[in-house]
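*Asks:* Just one file: coords-v7.txt, with compact mmCIF, C-alpha atoms.
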# COMPACT_ATOMS: atom_id res chain seq x y z
CA MET A 1 10.56 20.87 36.96
CA GLU A 2 11.41 24.53 36.47
CA TYR A 3 9.24 26.67 34.21
CA ARG A 4 10.25 29.80 32.34
CA ASN A 5 8.41 32.35 30.27
CA LEU A 6 8.72 31.73 26.56
CA GLY A 7 10.59 34.85 25.55
CA ALA A 8 8.67 37.99 26.46
CA SER A 9 5.33 36.18 26.28
CA GLY A 10 3.22 35.15 29.24
CA LEU A 11 3.38 31.47 28.30
CA LYS A 12 5.16 29.33 30.90
CA VAL A 13 7.09 26.38 29.45
CA PRO A 14 9.16 23.67 31.15
CA VAL A 15 12.93 24.03 30.87
CA LEU A 16 12.94 20.59 29.27
CA SER A 17 10.54 19.79 26.46
CA PHE A 18 10.12 16.60 24.46
CA GLY A 19 10.92 16.38 20.75
CA THR A 20 8.86 13.82 18.83
CA GLY A 21 11.22 13.31 15.90
CA THR A 22 11.54 9.73 17.17
CA PHE A 23 7.84 9.07 16.58
CA GLY A 24 7.03 7.24 13.36
CA GLY A 25 10.43 6.32 11.99
CA GLU A 26 9.79 6.95 8.29
CA GLY A 27 12.59 7.83 5.88
CA PRO A 28 16.38 7.57 6.16
CA LEU A 29 16.81 10.32 8.76
CA PHE A 30 13.84 9.74 11.04
CA SER A 31 14.09 5.96 11.00
CA ALA A 32 17.61 6.36 12.42
CA TRP A 33 16.33 8.71 15.13
CA GLY A 34 13.67 6.30 16.38
CA ARG A 35 10.63 4.23 15.47
CA SER A 36 8.21 4.80 18.36
CA GLY A 37 4.67 3.71 17.62
CA THR A 38 1.57 4.87 19.47
CA ASP A 39 1.92 2.58 22.50
CA GLU A 40 5.55 3.48 23.15
CA ALA A 41 4.85 7.15 22.48
CA ARG A 42 2.04 7.10 25.01
CA ARG A 43 4.43 5.64 27.60
CA LEU A 44 7.05 8.32 26.89
CA VAL A 45 4.38 11.03 27.21
CA ASP A 46 3.31 9.50 30.53
CA ILE A 47 6.88 9.72 31.85
CA CYS A 48 7.22 13.31 30.65
CA LEU A 49 4.01 14.43 32.32
CA GLU A 50 4.98 12.69 35.57
CA ALA A 51 8.21 14.72 35.51
CA GLY A 52 6.43 18.01 34.70
CA VAL A 53 7.41 18.10 31.02
CA ASN A 54 4.23 19.23 29.28
CA LEU A 55 5.59 20.76 26.04
CA PHE A 56 5.83 18.42 23.05
CA ASP A 57 7.47 19.54 19.82
CA SER A 58 6.81 18.10 16.37
CA ALA A 59 6.79 19.10 12.69
CA ASP A 60 4.88 18.15 9.58
CA VAL A 61 8.06 16.81 7.93
CA TYR A 62 8.83 14.45 10.82
CA SER A 63 8.18 11.04 9.25
CA ASN A 64 5.93 12.75 6.67
CA GLY A 65 3.29 13.65 9.23
CA ALA A 66 3.41 10.39 11.20
CA SER A 67 5.05 12.09 14.18
CA GLU A 68 2.15 14.51 14.57
CA GLN A 69 -0.36 11.71 14.12
CA ILE A 70 1.26 9.51 16.77
CA LEU A 71 1.63 12.47 19.15
CA GLY A 72 -2.07 13.22 18.72
CA ALA A 73 -2.97 9.63 19.58
CA ALA A 74 -0.59 9.60 22.56
CA ILE A 75 -2.16 12.69 24.17
CA LYS A 76 -5.76 11.78 23.38
CA GLY A 77 -8.00 12.51 26.34
CA ARG A 78 -5.52 14.88 27.99
CA ARG A 79 -5.16 17.73 25.54
CA ASP A 80 -5.74 20.24 28.34
CA LYS A 81 -2.64 18.96 30.15
CA VAL A 82 -0.14 19.51 27.32
CA LEU A 83 1.31 22.22 25.12
CA ILE A 84 1.77 21.32 21.46
CA SER A 85 4.46 22.92 19.35
CA THR A 86 4.79 22.06 15.69
CA LYS A 87 6.56 23.41 12.64
CA MET A 88 5.92 23.82 8.92
CA SER A 89 7.40 25.46 5.80
CA LEU A 90 9.87 22.78 4.68
CA PRO A 91 8.90 20.77 1.56
CA MET A 92 6.31 18.03 2.03
CA GLY A 93 6.35 17.07 -1.65
CA ASP A 94 7.66 17.99 -5.08
CA GLY A 95 4.76 20.19 -6.15
CA PRO A 96 4.94 24.01 -6.37
CA LEU A 97 2.52 24.39 -3.43
CA ASP A 98 4.18 21.78 -1.22
CA ALA A 99 6.77 24.07 0.37
CA GLY A 100 7.14 27.52 1.85
CA SER A 101 5.09 29.89 4.00
CA SER A 102 2.61 31.35 1.51
CA ARG A 103 -0.93 32.09 2.62
CA HIS A 104 -2.14 29.08 0.63
CA ARG A 105 0.44 26.76 2.17
CA LEU A 106 0.01 27.93 5.74
CA LEU A 107 -3.77 27.72 5.70
CA SER A 108 -3.83 24.25 4.19
CA SER A 109 -0.92 23.00 6.31
CA ILE A 110 -2.52 24.17 9.54
CA GLU A 111 -5.71 22.29 8.76
CA ALA A 112 -3.72 19.14 7.95
CA ALA A 113 -1.69 19.43 11.15
CA LEU A 114 -4.81 19.92 13.27
CA ARG A 115 -6.34 16.77 11.78
CA ARG A 116 -3.20 14.72 12.43
CA LEU A 117 -2.85 16.02 15.98
CA GLY A 118 -6.54 15.54 16.73
CA THR A 119 -6.96 19.03 18.15
CA ASP A 120 -8.58 22.31 17.18
CA TYR A 121 -5.67 24.57 18.15
CA ILE A 122 -1.87 24.60 18.27
CA ASP A 123 -0.17 26.26 21.22
CA LEU A 124 2.97 27.27 19.32
CA LEU A 125 3.47 27.24 15.57
CA GLN A 126 7.00 27.79 14.28
CA LEU A 127 8.04 28.38 10.70
CA HIS A 128 10.64 25.68 10.08
CA ALA A 129 12.72 27.84 7.73
CA PHE A 130 12.69 31.32 6.20
CA ASP A 131 10.80 31.49 2.88
CA ALA A 132 12.59 34.07 0.71
CA PHE A 133 9.96 33.77 -2.04
CA THR A 134 6.98 34.89 0.05
CA PRO A 135 6.64 38.50 1.30
CA ILE A 136 6.99 38.70 5.06
CA GLU A 137 3.77 40.76 5.14
CA GLU A 138 1.88 37.85 3.59
CA VAL A 139 3.29 35.41 6.12
CA LEU A 140 2.57 37.56 9.16
CA SER A 141 -0.90 38.64 8.08
CA THR A 142 -1.81 34.99 7.58
CA LEU A 143 -0.51 34.08 11.02
CA ASP A 144 -2.55 36.97 12.43
CA THR A 145 -5.67 35.53 10.79
CA LEU A 146 -4.97 32.10 12.29
CA VAL A 147 -4.35 33.54 15.77
CA ARG A 148 -7.56 35.56 15.61
CA ALA A 149 -9.43 32.44 14.50
CA GLY A 150 -8.19 30.61 17.60
CA LYS A 151 -6.22 28.00 15.67
CA LEU A 152 -2.86 29.28 16.90
CA ARG A 153 -1.99 30.75 20.29
CA TYR A 154 1.65 31.75 19.80
CA VAL A 155 3.97 31.93 16.81
CA GLY A 156 7.71 31.50 16.39
CA VAL A 157 10.37 30.52 13.91
CA SER A 158 13.20 28.04 13.52
CA ASN A 159 16.58 28.29 11.79
CA PHE A 160 16.22 31.98 10.85
CA ALA A 161 19.16 34.30 10.28
CA GLY A 162 19.35 37.39 12.45
CA TRP A 163 18.23 39.83 9.75
CA GLN A 164 15.30 37.58 8.79
CA LEU A 165 14.03 37.44 12.35
CA MET A 166 14.58 41.13 13.06
CA LYS A 167 12.89 42.25 9.85
CA SER A 168 9.92 40.04 10.66
CA LEU A 169 9.64 41.47 14.18
CA ALA A 170 9.78 45.03 12.86
CA ILE A 171 7.02 44.37 10.31
CA ALA A 172 4.88 42.68 12.96
CA ASP A 173 5.26 45.72 15.22
CA ARG A 174 4.42 48.11 12.38
CA HIS A 175 1.12 46.36 11.61
CA GLY A 176 0.17 45.15 15.08
CA TRP A 177 0.47 41.49 14.05
CA PRO A 178 1.61 38.73 16.46
CA ARG A 179 5.32 38.84 17.26
CA TYR A 180 7.49 35.77 17.13
CA VAL A 181 8.10 34.79 20.75
CA ALA A 182 10.28 31.73 20.11
CA HIS A 183 13.23 30.76 17.93
CA GLN A 184 14.01 27.06 17.72
CA VAL A 185 17.77 26.88 17.17
CA TYR A 186 20.71 24.54 17.16
CA TYR A 187 22.86 25.23 20.22
CA SER A 188 25.24 22.98 22.13
CA LEU A 189 28.75 22.86 23.55
CA LEU A 190 29.77 21.76 20.06
CA GLY A 191 27.79 24.44 18.23
CA ARG A 192 27.91 27.89 19.81
CA ASP A 193 27.17 29.96 16.70
CA TYR A 194 23.83 30.98 18.25
CA GLU A 195 25.74 33.27 20.60
CA TRP A 196 27.22 35.50 17.90
CA GLU A 197 24.11 37.34 16.72
CA LEU A 198 20.92 35.41 17.49
CA MET A 199 21.39 35.42 21.26
CA PRO A 200 21.92 39.22 21.55
CA LEU A 201 18.93 39.73 19.24
CA ALA A 202 16.80 37.38 21.33
CA ARG A 203 17.79 39.15 24.54
CA ASP A 204 17.02 42.56 23.07
CA GLN A 205 13.72 41.58 21.44
CA GLY A 206 12.35 39.11 23.97
CA VAL A 207 12.54 35.96 21.84
CA GLY A 208 12.94 32.72 23.78
CA ALA A 209 15.27 30.02 22.49
CA LEU A 210 14.01 26.46 22.13
CA ILE A 211 17.13 24.35 21.71
CA TRP A 212 17.26 21.46 19.27
CA SER A 213 20.03 18.85 19.24
CA PRO A 214 21.45 19.86 22.65
CA LEU A 215 23.84 16.90 22.53
CA GLY A 216 25.56 18.05 19.35
CA TRP A 217 23.79 15.74 16.92
CA GLY A 218 24.30 12.80 19.28
CA ARG A 219 28.04 13.36 19.79
CA LEU A 220 27.86 14.45 23.45
CA THR A 221 26.31 11.27 24.81
CA GLY A 222 29.56 10.01 26.32
CA LYS A 223 29.77 7.15 23.83
CA ILE A 224 32.14 8.89 21.38
CA ARG A 225 35.69 9.14 22.65
CA ARG A 226 39.22 9.71 21.50
CA ASP A 227 40.95 6.72 19.83
CA GLN A 228 37.78 4.64 19.89
CA PRO A 229 35.64 3.60 16.90
CA LEU A 230 32.11 4.90 16.51
CA PRO A 231 29.82 2.49 18.40
CA GLN A 232 28.00 0.05 16.14
CA ASN A 233 24.59 1.19 17.41
CA SER A 234 25.28 4.92 16.96
CA ARG A 235 22.74 6.68 14.79
CA LEU A 236 25.60 8.79 13.42
CA HIS A 237 26.35 5.99 10.96
CA ALA A 238 23.15 6.99 9.16
CA THR A 239 22.65 10.64 10.17
CA ALA A 240 26.08 12.34 10.29
CA GLN A 241 25.62 13.64 6.73
CA PHE A 242 22.52 15.59 7.80
CA GLY A 243 24.14 17.36 10.75
CA PRO A 244 26.61 20.22 11.26
CA PRO A 245 30.33 19.62 10.59
CA VAL A 246 32.49 18.84 13.61
CA ASP A 247 36.13 19.43 14.55
CA GLU A 248 36.94 16.04 16.07
CA GLN A 249 39.81 17.25 18.26
CA ARG A 250 37.58 19.95 19.72
CA LEU A 251 34.87 17.32 20.31
CA TYR A 252 37.29 15.08 22.22
CA ALA A 253 38.52 17.99 24.34
CA ILE A 254 34.93 18.88 25.27
CA VAL A 255 34.13 15.26 26.12
CA ASP A 256 37.20 15.09 28.36
CA VAL A 257 35.90 18.00 30.43
CA LEU A 258 32.36 16.61 30.42
CA ASP A 259 33.73 13.31 31.72
CA ALA A 260 35.57 15.02 34.56
CA ILE A 261 32.56 17.10 35.59
CA ALA A 262 30.26 14.08 35.36
CA ILE A 263 32.46 12.33 37.92
CA GLU A 264 32.54 15.42 40.15
CA THR A 265 28.77 15.85 40.12
CA GLY A 266 27.64 12.24 40.01
CA HIS A 267 25.66 12.96 36.84
CA THR A 268 25.97 11.58 33.33
CA VAL A 269 27.70 13.28 30.41
CA PRO A 270 24.40 14.14 28.65
CA GLN A 271 23.00 15.60 31.87
CA VAL A 272 26.04 17.85 32.27
CA ALA A 273 25.83 19.02 28.64
CA ILE A 274 22.15 19.89 29.02
CA ALA A 275 22.69 21.57 32.39
CA TRP A 276 25.26 23.86 30.75
CA LEU A 277 22.65 24.93 28.20
CA LEU A 278 20.09 25.64 30.92
CA SER A 279 22.52 28.18 32.39
CA ARG A 280 22.72 30.21 29.17
CA PRO A 281 20.90 33.51 28.54
CA THR A 282 17.64 33.52 26.50
CA VAL A 283 17.17 29.73 26.73
CA SER A 284 13.53 29.02 27.53
CA SER A 285 13.53 25.27 26.98
CA VAL A 286 15.89 22.52 25.84
CA ILE A 287 14.24 19.95 23.58
CA ILE A 288 15.22 16.42 24.53
CA GLY A 289 14.56 13.39 22.35
CA ALA A 290 14.59 9.74 23.29
CA ARG A 291 14.28 6.46 21.49
CA ASP A 292 13.32 4.65 24.68
CA GLU A 293 12.43 5.08 28.33
CA ALA A 294 16.03 4.77 29.56
CA GLN A 295 17.25 7.64 27.37
CA LEU A 296 14.33 9.81 28.42
CA ARG A 297 14.84 9.23 32.14
CA ASP A 298 18.54 9.99 31.81
CA ASN A 299 17.86 13.29 30.04
CA LEU A 300 15.28 14.24 32.67
CA GLY A 301 18.09 14.03 35.23
CA ALA A 302 19.54 17.27 33.83
CA VAL A 303 17.22 19.36 36.05
CA GLY A 304 17.04 19.85 39.80
CA TRP A 305 20.74 20.72 40.24
CA SER A 306 23.25 23.23 38.91
CA LEU A 307 26.83 23.33 37.73
CA SER A 308 29.27 25.34 39.83
CA VAL A 309 30.80 28.58 38.61
CA ASP A 310 34.11 26.79 38.09
CA GLN A 311 32.50 23.95 36.15
CA LEU A 312 30.65 26.39 33.90
CA LYS A 313 33.89 28.25 33.27
CA ARG A 314 35.73 25.08 32.28
CA LEU A 315 32.98 24.11 29.84
CA ASP A 316 32.89 27.65 28.42
CA GLU A 317 36.63 27.67 27.87
CA VAL A 318 37.01 24.24 26.30
CA SER A 319 34.12 24.80 23.88
CA ALA A 320 34.90 28.42 22.96
CA VAL A 321 35.56 29.31 19.32
CA MET A 322 36.56 32.60 17.72
CA PRO A 323 33.54 34.08 15.94
CA PRO A 324 33.84 35.43 12.38
CA TYR A 325 33.84 39.07 11.36
CA PRO A 326 32.15 41.38 12.32
CA TYR A 327 31.75 39.69 15.69
CA TYR A 328 35.33 38.89 16.69
CA PRO A 329 36.53 42.51 17.26
CA TYR A 330 33.98 42.83 20.07
CA ARG A 331 35.53 39.80 21.75
CA ILE A 332 39.24 40.57 21.46
CA GLN A 333 39.69 44.35 21.06
CA ASP A 334 39.16 46.61 24.06
CA GLY A 335 37.88 49.54 22.03
CA PHE A 336 35.10 47.44 20.51
CA ALA A 337 34.38 45.61 23.75
CA ARG A 338 33.81 48.89 25.61
CA LEU A 339 30.95 49.72 23.26
CA ASN A 340 29.07 46.42 23.58
CA PRO A 341 28.53 44.03 26.50
CA PRO A 342 29.60 40.43 26.03
CA PRO A 343 26.80 38.24 24.65
CA VAL A 344 26.85 35.93 27.69
Mind turning this structure into structure tokens?

*Replies:*
Amino acid sequence: MEYRNLGASGLKVPVLSFGTGTFGGEGPLFSAWGRSGTDEARRLVDICLEAGVNLFDSADVYSNGASEQILGAAIKGRRDKVLISTKMSLPMGDGPLDAGSSRHRLLSSIEAALRRLGTDYIDLLQLHAFDAFTPIEEVLSTLDTLVRAGKLRYVGVSNFAGWQLMKSLAIADRHGWPRYVAHQVYYSLLGRDYEWELMPLARDQGVGALIWSPLGWGRLTGKIRRDQPLPQNSRLHATAQFGPPVDEQRLYAIVDVLDAIAIETGHTVPQVAIAWLLSRPTVSSVIIGARDEAQLRDNLGAVGWSLSVDQLKRLDEVSAVMPPYPYYPYRIQDGFARLNPPPV
């Protein structure tokens, strides 16, 4: 397993980390992702640790806290061997204090997460979404308090816009509060929006990307192909409405190239798709999820080898999309391009 620094921090993380959204299986979305109980979760954690994957990512909203609880039980007795990442800010109920990143919410949510996880500290806390109703100063000063208290070691965000992240970093620098070192983002061959603004920002400011849904919301598994019906056992039957929109013809073109490269390399389509991500700038770790041992072992096969320059180029070209204004002039007009380096 390869390890990289998480952004500009000193924390070393594996290039593959394990997402525990499949633990618990409560609710329409998470039940479709997976239903791993404690025994199966413990087995999946065992396999991860044997492979050198020691970073496990969760969130309070995953199965209404059950994911954190099962993860805590699965790592019991070996807390010193793992890194725990979790997220909060999204609604956990209908009450006025059940959502957001206010001081009240963060303090109470951290205590609840620590109880569920069975630990006294969290290695990486990420805000699951930007809270426009709470002053950034309030959020960051609260995180500073929690870091100083030893309950958090590093802080990051997820699903932030560029201006939201940059403003937060500037305020943290002004007051000497902890900087966000990670940004958990959607990025895949199907979804390359991260490259337009967030990747250049991350490279400039030292923010490491943790990639969620690296297989394009389950569409880059090799099971979805042109002129074939969606497999009966595909989770997309239940989850497509929750994910990003997809241009089907572009999807099929990408899968065609993935198929060809999989044959050339002797690897599977998911392994090729993940290997492409591991070649991209600012990516610290790709979060893999698995409903069972077979899926996990297949995803783990994405490391220990590399795509060739030609293979990377073919994947870049087939998945490329024209970015919106104001980004596209820097891609297609020489005058703009001379003033800014390409993002990748």

*Asks:* Which residues, written as a list of chain:residue names, have at least one atom at most 9 Å from Gly216 of chain A, with all atoms listed in the file counted and residues fewer than 5 positions away on the same chain left out?

*Replies:*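 So, after excluding close chain neighbours, the residues are A:Tyr186, A:Tyr187, A:Ser188, A:Leu189, A:Leu190, A:Gly191, A:Thr221, A:Gly243, A:Pro244.
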
*Asks:* Can you build me a table of segment 207-282 of chain A residues sitting at most 12 Å from segment 36-57 of chain A, with the closest atom pair per residue and its distance in Å to one decimal, using only C-alpha atoms, sorted by chain and residue number, as JSON lines?

*Replies:*
{"residue": "A:Leu210", "atom": "CA", "partner": "A:Asp57", "partner_atom": "CA", "distance": 9.8}
{"residue": "A:Ile211", "atom": "CA", "partner": "A:Asp57", "partner_atom": "CA", "distance": 11.0}
{"residue": "A:Trp212", "atom": "CA", "partner": "A:Asp57", "partner_atom": "CA", "distance": 10.0}

*Asks:* Can you list, as a list in words, every protein, DNA or RNA residue that comes within 12 Å of Tyr327 of chain A when you count only C-alpha atoms, leaving out same-chain residues fewer than 4 positions away?

*Replies:* Asp193, Glu195, Trp196, Glu197, Leu198, Pro200, Val321, Met322, Pro323, Arg331, Ile332, Gln333, Phe336, Ala337, Asn340, Pro342 and Pro343 of chain A

*Asks:* Have a look at atom CA of Trp217 of chain A and atom CA of His128 of chain A and let me know their distance in Å, one decimal.

*Replies:* 17.8 Å

*Asks:* Under the rule that all atoms listed in the file are counted, which of A:Arg297, A:Lys87, A:Arg250, A:Arg116 is the nearest residue to Gln271 of chain A?

*Replies:*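 Nearest to Gln271 of chain A: A:Arg297.
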
*Asks:* If you count all atoms listed in the file, which residues fall within 12 Å of Arg105 of chain A, apart from same-chain ones fewer than 6 positions away, as a list in words?

*Replies:*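 Here the qualifying residues turn out to be Met88, Ser89, Leu90, Pro91, Met92, Gly93, Gly95, Pro96, Leu97, Asp98, Ala99, Glu111, Ala112, Ala113, Leu127, Asp131, Thr134, Glu138, Val139, Thr142 and Leu143 of chain A.
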
*Asks:* With all atoms listed in the file as the atoms that count, which of A:Asp120, A:Ala73, A:Leu140, A:Gly206 lies nearest to Gly10 of chain A?

*Replies:* A:Gly206

*Asks:* Could you check which of A:Gly65, A:Gly25, A:Pro14, A:Gly7 is closest to Leu83 of chain A, using only C-alpha atoms?

*Replies:*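 Residue with the minimum atom-to-atom distance to Leu83 of chain A: A:Pro14.
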
*Asks:* Around (30.9, 27.5, 27.9), as given in the file, which residues come within 10 Å? Count all atoms listed in the file and list them as a VMD selection string.

*Replies:* chain A and resid 188 to 190 192 254 273 276 to 277 279 to 280 311 to 321 344

*Asks:* Just checking: using all atoms listed in the file, which residue out of A:Ile288, A:Ile136, A:Leu107, A:Leu152 ends up closest to Ile171 of chain A?

*Replies:*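 Among the listed residues, the smallest separation from Ile171 of chain A belongs to A:Ile136.
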
*Asks:* May I ask which of the residues A:Thr282, A:Thr265, A:Ser306, A:Ser213 is the closest one to Leu201 of chain A, counting only C-alpha atoms?

*Replies:* A:Thr282

*Asks:* I'd like the interatomic distance between atom CA of Arg291 of chain A and atom CA of Gly218 of chain A, to a tenth of an Å.

*Replies:*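 Between atom CA of Arg291 of chain A and atom CA of Gly218 of chain A the gap works out to 12.1 Å.
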
*Asks:* Under the rule that all atoms listed in the file are counted, which of A:Asp60, A:Asp80, A:Asp144, A:Asp204 is the nearest residue to Pro281 of chain A?

*Replies:*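 Among A:Asp60, A:Asp80, A:Asp144, A:Asp204, it is A:Asp204 that comes nearest to Pro281 of chain A.
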
*Asks:* Just to confirm, what's the straight-line distance from atom CA of Arg226 of chain A to atom CA of Leu258 of chain A in Å (one decimal)?

*Replies:*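 Between these atoms lies a distance of 13.2 Å.
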